[in-house]
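Everything below belongs to protein30.json, which stores JSON, C-alpha atoms.
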[["chain", "number", "residue", "atom", "x", "y", "z"],
["F", 314, "MET", "CA", -0.70, 32.61, 4.53],
["F", 315, "GLY", "CA", 2.95, 31.59, 4.93],
["F", 316, "GLU", "CA", 2.39, 30.58, 8.57],
["F", 317, "HIS", "CA", -0.70, 28.57, 7.53],
["F", 318, "ILE", "CA", 1.31, 26.63, 4.92],
["F", 319, "ARG", "CA", 4.12, 25.99, 7.38],
["F", 320, "GLY", "CA", 1.58, 24.68, 9.88],
["F", 321, "ILE", "CA", 0.17, 22.21, 7.37],
["F", 322, "LEU", "CA", 3.63, 20.99, 6.43],
["F", 323, "LEU", "CA", 4.69, 20.64, 10.04],
["F", 324, "PHE", "CA", 1.88, 18.27, 10.96],
["F", 325, "HIS", "CA", 1.88, 16.24, 7.74],
["F", 326, "PRO", "CA", 4.36, 13.32, 8.12],
["F", 327, "ARG", "CA", 5.19, 13.26, 4.41],
["F", 328, "HIS", "CA", 6.46, 16.83, 4.55],
["F", 329, "ILE", "CA", 8.61, 16.88, 7.68],
["F", 330, "ALA", "CA", 11.78, 16.99, 5.55],
["F", 331, "SER", "CA", 10.37, 19.90, 3.53],
["F", 332, "THR", "CA", 9.50, 21.80, 6.71],
["F", 333, "LEU", "CA", 12.97, 21.34, 8.17],
["F", 334, "LEU", "CA", 14.55, 22.42, 4.90],
["F", 335, "ILE", "CA", 12.41, 25.56, 4.69],
["F", 336, "ALA", "CA", 13.29, 26.48, 8.28],
["F", 337, "PHE", "CA", 16.99, 25.92, 7.64],
["F", 338, "LEU", "CA", 17.02, 27.99, 4.47],
["F", 339, "GLY", "CA", 15.09, 30.74, 6.21],
["F", 340, "ARG", "CA", 17.67, 30.96, 9.00],
["F", 341, "GLU", "CA", 20.52, 30.90, 6.50],
["F", 342, "ALA", "CA", 18.87, 33.67, 4.49],
["F", 343, "GLU", "CA", 18.56, 35.84, 7.60],
["F", 344, "LYS", "CA", 22.27, 35.40, 8.28],
["F", 345, "ARG", "CA", 23.13, 36.45, 4.73],
["F", 346, "GLY", "CA", 20.65, 39.30, 4.66],
["F", 347, "GLU", "CA", 18.97, 37.94, 1.53],
["F", 348, "THR", "CA", 15.86, 39.55, 0.11],
["F", 349, "MET", "CA", 12.50, 37.79, 0.40],
["F", 350, "LYS", "CA", 12.54, 37.10, -3.34],
["F", 351, "GLY", "CA", 15.95, 35.46, -3.13],
["F", 352, "THR", "CA", 14.88, 33.34, -0.19],
["F", 353, "LEU", "CA", 11.73, 32.17, -1.96],
["F", 354, "LEU", "CA", 13.68, 31.23, -5.07],
["F", 355, "ARG", "CA", 16.09, 29.15, -3.00],
["F", 356, "ILE", "CA", 13.22, 27.43, -1.19],
["F", 357, "LEU", "CA", 11.39, 26.68, -4.45],
["F", 358, "ALA", "CA", 14.55, 25.23, -5.97],
["F", 359, "ALA", "CA", 15.11, 23.05, -2.92],
["F", 360, "LEU", "CA", 11.51, 21.82, -2.89],
["F", 361, "SER", "CA", 11.75, 21.03, -6.60],
["F", 362, "CYS", "CA", 14.74, 18.81, -5.87],
["F", 363, "LEU", "CA", 12.79, 17.06, -3.12],
["F", 364, "LEU", "CA", 9.83, 16.47, -5.44],
["F", 365, "ILE", "CA", 12.03, 15.05, -8.19],
["F", 366, "SER", "CA", 13.63, 12.73, -5.64],
["F", 367, "THR", "CA", 10.15, 11.62, -4.53],
["F", 368, "TRP", "CA", 9.06, 10.95, -8.11],
["F", 369, "ALA", "CA", 12.21, 8.93, -8.80],
["F", 370, "ASN", "CA", 11.31, 6.61, -5.92],
["F", 371, "VAL", "CA", 7.82, 5.79, -7.21],
["F", 372, "VAL", "CA", 7.64, 1.99, -7.52],
["F", 373, "PRO", "CA", 5.53, 0.17, -10.14],
["F", 374, "VAL", "CA", 2.85, -2.28, -9.08],
["F", 375, "GLN", "CA", 4.05, -5.73, -8.00],
["F", 376, "ASP", "CA", 3.60, -8.73, -10.31],
["F", 377, "PHE", "CA", 2.92, -6.52, -13.32],
["F", 378, "SER", "CA", 1.35, -8.42, -16.25],
["F", 379, "LEU", "CA", 2.13, -7.06, -19.70],
["F", 380, "GLU", "CA", -0.47, -9.26, -21.38],
["F", 381, "ARG", "CA", -3.30, -8.28, -19.04],
["F", 382, "MET", "CA", -2.51, -4.59, -19.57],
["F", 383, "ALA", "CA", -3.25, -4.96, -23.28],
["F", 384, "GLY", "CA", -6.37, -3.65, -24.97],
["F", 385, "LYS", "CA", -8.53, -0.56, -25.05],
["F", 386, "TRP", "CA", -8.67, 1.95, -22.21],
["F", 387, "TYR", "CA", -10.50, 5.23, -21.68],
["F", 388, "LEU", "CA", -8.42, 8.15, -20.42],
["F", 389, "VAL", "CA", -10.73, 9.42, -17.68],
["F", 390, "GLY", "CA", -8.41, 11.26, -15.28],
["F", 391, "PHE", "CA", -5.55, 13.68, -15.82],
["F", 392, "ALA", "CA", -3.36, 15.44, -13.26],
["F", 393, "THR", "CA", -0.31, 17.65, -13.74],
["F", 394, "ASN", "CA", 0.95, 21.10, -12.76],
["F", 395, "ALA", "CA", 2.29, 21.65, -16.28],
["F", 396, "GLN", "CA", 1.32, 25.05, -17.66],
["F", 397, "TRP", "CA", -0.05, 23.66, -20.94],
["F", 398, "PHE", "CA", -2.55, 21.60, -18.96],
["F", 399, "VAL", "CA", -3.52, 24.53, -16.74],
["F", 400, "ASN", "CA", -4.21, 26.55, -19.90],
["F", 401, "HIS", "CA", -6.27, 23.88, -21.71],
["F", 402, "LYS", "CA", -7.84, 21.61, -19.07],
["F", 403, "ALA", "CA", -11.26, 23.27, -19.36],
["F", 404, "ASP", "CA", -11.47, 22.19, -23.01],
["F", 405, "MET", "CA", -10.17, 18.63, -22.61],
["F", 406, "LYS", "CA", -12.45, 15.63, -23.06],
["F", 407, "MET", "CA", -12.14, 11.89, -22.65],
["F", 408, "GLY", "CA", -10.06, 10.00, -25.20],
["F", 409, "THR", "CA", -9.00, 6.40, -25.70],
["F", 410, "ALA", "CA", -5.72, 4.54, -25.51],
["F", 411, "THR", "CA", -4.92, 1.16, -27.01],
["F", 412, "ILE", "CA", -2.03, -0.73, -25.44],
["F", 413, "THR", "CA", -0.37, -3.49, -27.45],
["F", 414, "PRO", "CA", 2.56, -5.55, -26.12],
["F", 415, "THR", "CA", 5.31, -6.25, -28.64],
["F", 416, "GLU", "CA", 7.33, -9.44, -29.07],
["F", 417, "GLY", "CA", 10.18, -7.76, -27.21],
["F", 418, "ASP", "CA", 7.94, -6.97, -24.20],
["F", 419, "ASP", "CA", 7.74, -3.26, -25.04],
["F", 420, "LEU", "CA", 4.43, -1.39, -25.28],
["F", 421, "ASP", "CA", 2.85, 0.18, -28.35],
["F", 422, "LEU", "CA", 0.75, 3.09, -27.08],
["F", 423, "SER", "CA", -1.89, 4.51, -29.43],
["F", 424, "TYR", "CA", -3.95, 7.50, -28.32],
["F", 425, "SER", "CA", -6.94, 9.09, -30.03],
["F", 426, "ASN", "CA", -9.28, 11.94, -29.18],
["F", 427, "LEU", "CA", -12.20, 13.36, -31.17],
["F", 428, "ASN", "CA", -11.92, 17.13, -31.61],
["F", 429, "ALA", "CA", -14.89, 19.51, -31.47],
["F", 430, "ASP", "CA", -14.72, 20.04, -35.24],
["F", 431, "GLY", "CA", -15.02, 16.31, -35.93],
["F", 432, "THR", "CA", -11.36, 15.75, -36.74],
["F", 433, "CYS", "CA", -9.39, 13.15, -34.85],
["F", 434, "TRP", "CA", -6.18, 13.75, -32.91],
["F", 435, "ARG", "CA", -3.90, 10.71, -32.79],
["F", 436, "MET", "CA", -0.52, 9.98, -31.24],
["F", 437, "THR", "CA", 1.60, 6.84, -30.90],
["F", 438, "HIS", "CA", 4.63, 5.94, -28.78],
["F", 439, "LEU", "CA", 6.77, 2.86, -28.42],
["F", 440, "ALA", "CA", 7.47, 2.55, -24.70],
["F", 441, "LYS", "CA", 10.60, 0.49, -24.12],
["F", 442, "LYS", "CA", 10.78, -1.94, -21.22],
["F", 443, "THR", "CA", 13.28, -1.44, -18.41],
["F", 444, "ASP", "CA", 14.81, -3.83, -15.89],
["F", 445, "THR", "CA", 11.85, -3.06, -13.60],
["F", 446, "PRO", "CA", 8.53, -4.72, -14.60],
["F", 447, "GLY", "CA", 5.83, -2.09, -15.01],
["F", 448, "ARG", "CA", 8.29, 0.69, -15.85],
["F", 449, "PHE", "CA", 8.81, 1.92, -19.43],
["F", 450, "THR", "CA", 10.60, 4.80, -21.12],
["F", 451, "PHE", "CA", 10.05, 6.64, -24.39],
["F", 452, "HIS", "CA", 10.92, 9.87, -26.17],
["F", 453, "SER", "CA", 8.05, 11.97, -27.50],
["F", 454, "GLN", "CA", 8.84, 13.44, -30.90],
["F", 455, "ALA", "CA", 5.76, 15.67, -30.73],
["F", 456, "TRP", "CA", 6.67, 17.25, -27.38],
["F", 457, "ASN", "CA", 10.44, 16.69, -27.55],
["F", 458, "ASN", "CA", 10.60, 15.27, -24.04],
["F", 459, "ASP", "CA", 11.77, 12.09, -22.34],
["F", 460, "ASN", "CA", 9.20, 10.04, -20.46],
["F", 461, "ASP", "CA", 9.70, 7.66, -17.54],
["F", 462, "MET", "CA", 6.36, 5.85, -17.20],
["F", 463, "ARG", "CA", 5.34, 3.58, -14.32],
["F", 464, "ILE", "CA", 2.11, 1.64, -13.83],
["F", 465, "VAL", "CA", 1.68, 2.15, -10.09],
["F", 466, "ASP", "CA", -1.75, 0.61, -9.50],
["F", 467, "VAL", "CA", -3.90, -1.60, -11.71],
["F", 468, "VAL", "CA", -6.93, -3.86, -11.68],
["F", 469, "TYR", "CA", -6.66, -5.17, -15.21],
["F", 470, "ASP", "CA", -10.37, -5.42, -15.99],
["F", 471, "ASP", "CA", -11.18, -2.11, -14.29],
["F", 472, "TYR", "CA", -8.58, 0.67, -14.03],
["F", 473, "ALA", "CA", -4.90, 1.59, -14.22],
["F", 474, "LEU", "CA", -3.07, 4.48, -12.57],
["F", 475, "VAL", "CA", -0.04, 5.58, -14.58],
["F", 476, "HIS", "CA", 2.65, 7.92, -13.23],
["F", 477, "THR", "CA", 4.98, 9.55, -15.76],
["F", 478, "ILE", "CA", 7.98, 11.81, -15.16],
["F", 479, "LYS", "CA", 8.40, 14.04, -18.20],
["F", 480, "THR", "CA", 11.75, 15.78, -18.71],
["F", 481, "LYS", "CA", 12.59, 18.47, -21.25],
["F", 482, "GLU", "CA", 15.75, 20.58, -21.30],
["F", 483, "GLY", "CA", 16.62, 19.46, -17.78],
["F", 484, "VAL", "CA", 13.23, 20.38, -16.29],
["F", 485, "SER", "CA", 11.03, 17.57, -14.96],
["F", 486, "GLU", "CA", 7.32, 17.50, -14.20],
["F", 487, "VAL", "CA", 4.95, 14.72, -13.27],
["F", 488, "LEU", "CA", 1.84, 13.60, -15.13],
["F", 489, "ASN", "CA", -0.63, 11.16, -13.59],
["F", 490, "LYS", "CA", -3.22, 9.47, -15.79],
["F", 491, "LEU", "CA", -6.20, 7.38, -14.80],
["F", 492, "TYR", "CA", -7.26, 4.76, -17.33],
["F", 493, "SER", "CA", -10.54, 2.87, -17.17],
["F", 494, "ARG", "CA", -11.97, -0.02, -19.16],
["F", 495, "THR", "CA", -15.27, 1.90, -19.34],
["F", 496, "PRO", "CA", -16.12, 5.62, -19.58],
["F", 497, "GLU", "CA", -17.66, 5.48, -16.09],
["F", 498, "ILE", "CA", -15.62, 5.65, -12.89],
["F", 499, "SER", "CA", -16.71, 5.26, -9.29],
["F", 500, "ALA", "CA", -16.45, 7.88, -6.57],
["F", 501, "ASP", "CA", -13.96, 5.64, -4.74],
["F", 502, "LEU", "CA", -11.71, 5.51, -7.79],
["F", 503, "GLN", "CA", -11.90, 9.28, -8.21],
["F", 504, "GLN", "CA", -10.86, 9.67, -4.58],
["F", 505, "LYS", "CA", -7.98, 7.21, -5.01],
["F", 506, "PHE", "CA", -6.66, 9.10, -8.04],
["F", 507, "THR", "CA", -7.10, 12.49, -6.37],
["F", 508, "GLN", "CA", -5.24, 11.44, -3.23],
["F", 509, "TYR", "CA", -2.42, 9.82, -5.17],
["F", 510, "SER", "CA", -1.99, 12.94, -7.30],
["F", 511, "ILE", "CA", -1.88, 15.21, -4.25],
["F", 512, "ASP", "CA", 0.65, 12.87, -2.63],
["F", 513, "THR", "CA", 2.88, 13.22, -5.71],
["F", 514, "GLY", "CA", 2.81, 17.02, -5.64],
["F", 515, "ILE", "CA", -0.12, 17.88, -7.92],
["F", 516, "LEU", "CA", -2.24, 20.85, -6.87],
["F", 517, "SER", "CA", -5.88, 19.93, -6.30],
["F", 518, "ASP", "CA", -6.99, 22.46, -8.94],
["F", 519, "ASN", "CA", -4.86, 20.60, -11.49],
["F", 520, "ILE", "CA", -6.60, 17.24, -11.08],
["F", 521, "ALA", "CA", -9.32, 16.71, -13.67],
["F", 522, "PHE", "CA", -11.84, 14.01, -14.50],
["F", 523, "LEU", "CA", -12.59, 14.36, -18.18],
["F", 524, "PRO", "CA", -16.13, 14.59, -19.58],
["F", 525, "LYS", "CA", -17.32, 11.86, -21.93],
["F", 526, "ASN", "CA", -16.70, 12.29, -25.62],
["F", 527, "ALA", "CA", -17.58, 10.52, -28.84],
["F", 528, "GLU", "CA", -14.84, 8.22, -30.09],
["F", 529, "CYS", "CA", -12.69, 8.50, -33.18],
["F", 530, "PRO", "CA", -13.47, 6.05, -35.98],
["F", 531, "GLU", "CA", -11.11, 3.12, -36.38],
["F", 532, "ALA", "CA", -7.92, 4.21, -38.13]]
Could you rewrite the structure in this file as structure tokens?
Amino acid sequence: MGEHIRGILLFHPRHIASTLLIAFLGREAEKRGETMKGTLLRILAALSCLLISTWANVVPVQDFSLERMAGKWYLVGFATNAQWFVNHKADMKMGTATITPTEGDDLDLSYSNLNADGTCWRMTHLAKKTDTPGRFTFHSQAWNNDNDMRIVDVVYDDYALVHTIKTKEGVSEVLNKLYSRTPEISADLQQKFTQYSIDTGILSDNIAFLPKNAECPEA
């Protein structure tokens, strides 16, 4: 299995640096007489650093329009390697998000999702603008993490692909969300979201398109 993975990395242009790093660490480990476990831990740590560097370089969409981003969206796609998502993805259903620009060019984010028992889950964030259009930051009180959110692809009357780096206690993970103006999404859009998520380090098993759900009543 290890040789198979190395073969994939070797011939994938995006992962040449990772392949070289793995080979280097492997040779260094042999010199030191490290155990396999120690070597794997060093490789995983190094790859984590590479991933974080890749996430940090994600650029928001050009000519981002705050006003055109406003309104109601359906959260139709979700992708992350976070353990909480792995544990609960089978039970997740489509929710809605309402995006409202503020006078200071920040974003009010209001999320809602109807639970199976008829109750409504709601969450709000105030995402603060940065010097880069299309990039916002906020702290989640509910999850106690810092969020660096970037709108990386958008057709304002159709869909938006949002990439967020979530950091808690020094540990970062990426969350990709696919928003749609309607509950339906095309096969092409599903493929676009899937490929983007894989390119940003998400395992294919951790990319989900959420089933339709009834909506919460107006708050």
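Taking atom CA of Asp419 of chain F and atom CA of Gln375 of chain F as the two end points, the separation is 17.6 Å.
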Problem - Who sits within 12 Å of Asp518 of chain F, all atoms listed in the file, same chain under 3 positions skipped, as a PyMOL selection string - result: chain F and resi 391-395+398-399+402-403+507+510-511+514-515+521-522
Practice task
Using atom CA of Thr450 of chain F and atom CA of Asp418 of chain F as the two end points, give the distance in Å to one decimal.
Solution key: 12.5 Å
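Neighbours of Leu523 of chain F closer than or equal to 7 Å, with all atoms listed in the file counted and sequence neighbours fewer than 4 positions away skipped, come out as Val389, Gly390, Met405, Lys406 and Met407 of chain F.
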Save the residues we just selected, C-alpha atoms, as a short mmCIF file (atom, residue, chain, number, x, y, z; two decimals), in the coordinates of the input?
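As written to disk, result.cif reads:
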data_model
loop_
_atom_site.label_atom_id
_atom_site.label_comp_id
_atom_site.auth_asym_id
_atom_site.auth_seq_id
_atom_site.Cartn_x
_atom_site.Cartn_y
_atom_site.Cartn_z
CA VAL F 389 -10.73 9.42 -17.68
CA GLY F 390 -8.41 11.26 -15.28
CA MET F 405 -10.17 18.63 -22.61
CA LYS F 406 -12.45 15.63 -23.06
CA MET F 407 -12.14 11.89 -22.65
#
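When atom CA of Asp470 of chain F is paired with atom CA of Trp434 of chain F, their separation reads 25.9 Å.
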Exercise for the section: Rank nothing, just name the residue among F:Pro524, F:Pro414, F:Pro530, F:Gly447 nearest to Gly384 of chain F, using all atoms listed in the file. Expected result: F:Pro414
Handout entry: Which of F:Phe506, F:Phe449, F:Tyr492, F:Trp456 sits closest to Leu388 of chain F [using only C-alpha atoms]
Key = F:Tyr492
For Val465 of chain F: contacts at 6 Å, only C-alpha atoms, fewer than 5 positions along chain excluded, given as a PDB file with C-alpha atoms, in the frame of the given file:
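Result file result.pdb:
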ATOM      1  CA  PRO F 373       5.530   0.170 -10.140  1.00  0.00           C
ATOM      2  CA  VAL F 374       2.850  -2.280  -9.080  1.00  0.00           C
ATOM      3  CA  LEU F 474      -3.070   4.480 -12.570  1.00  0.00           C
ATOM      4  CA  VAL F 475      -0.040   5.580 -14.580  1.00  0.00           C
TER       5      VAL F 475
END
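Among F:Leu491, F:Met382, F:Leu427, F:Ile478, the residue with the shortest atom-to-atom distance to Asn458 of chain F, counting only C-alpha atoms, is F:Ile478.
Among the candidates F:Gln504, F:Ser485, F:Thr445, F:Asn526, the one nearest to Phe377 of chain F when counting all atoms listed in the file is F:Thr445.
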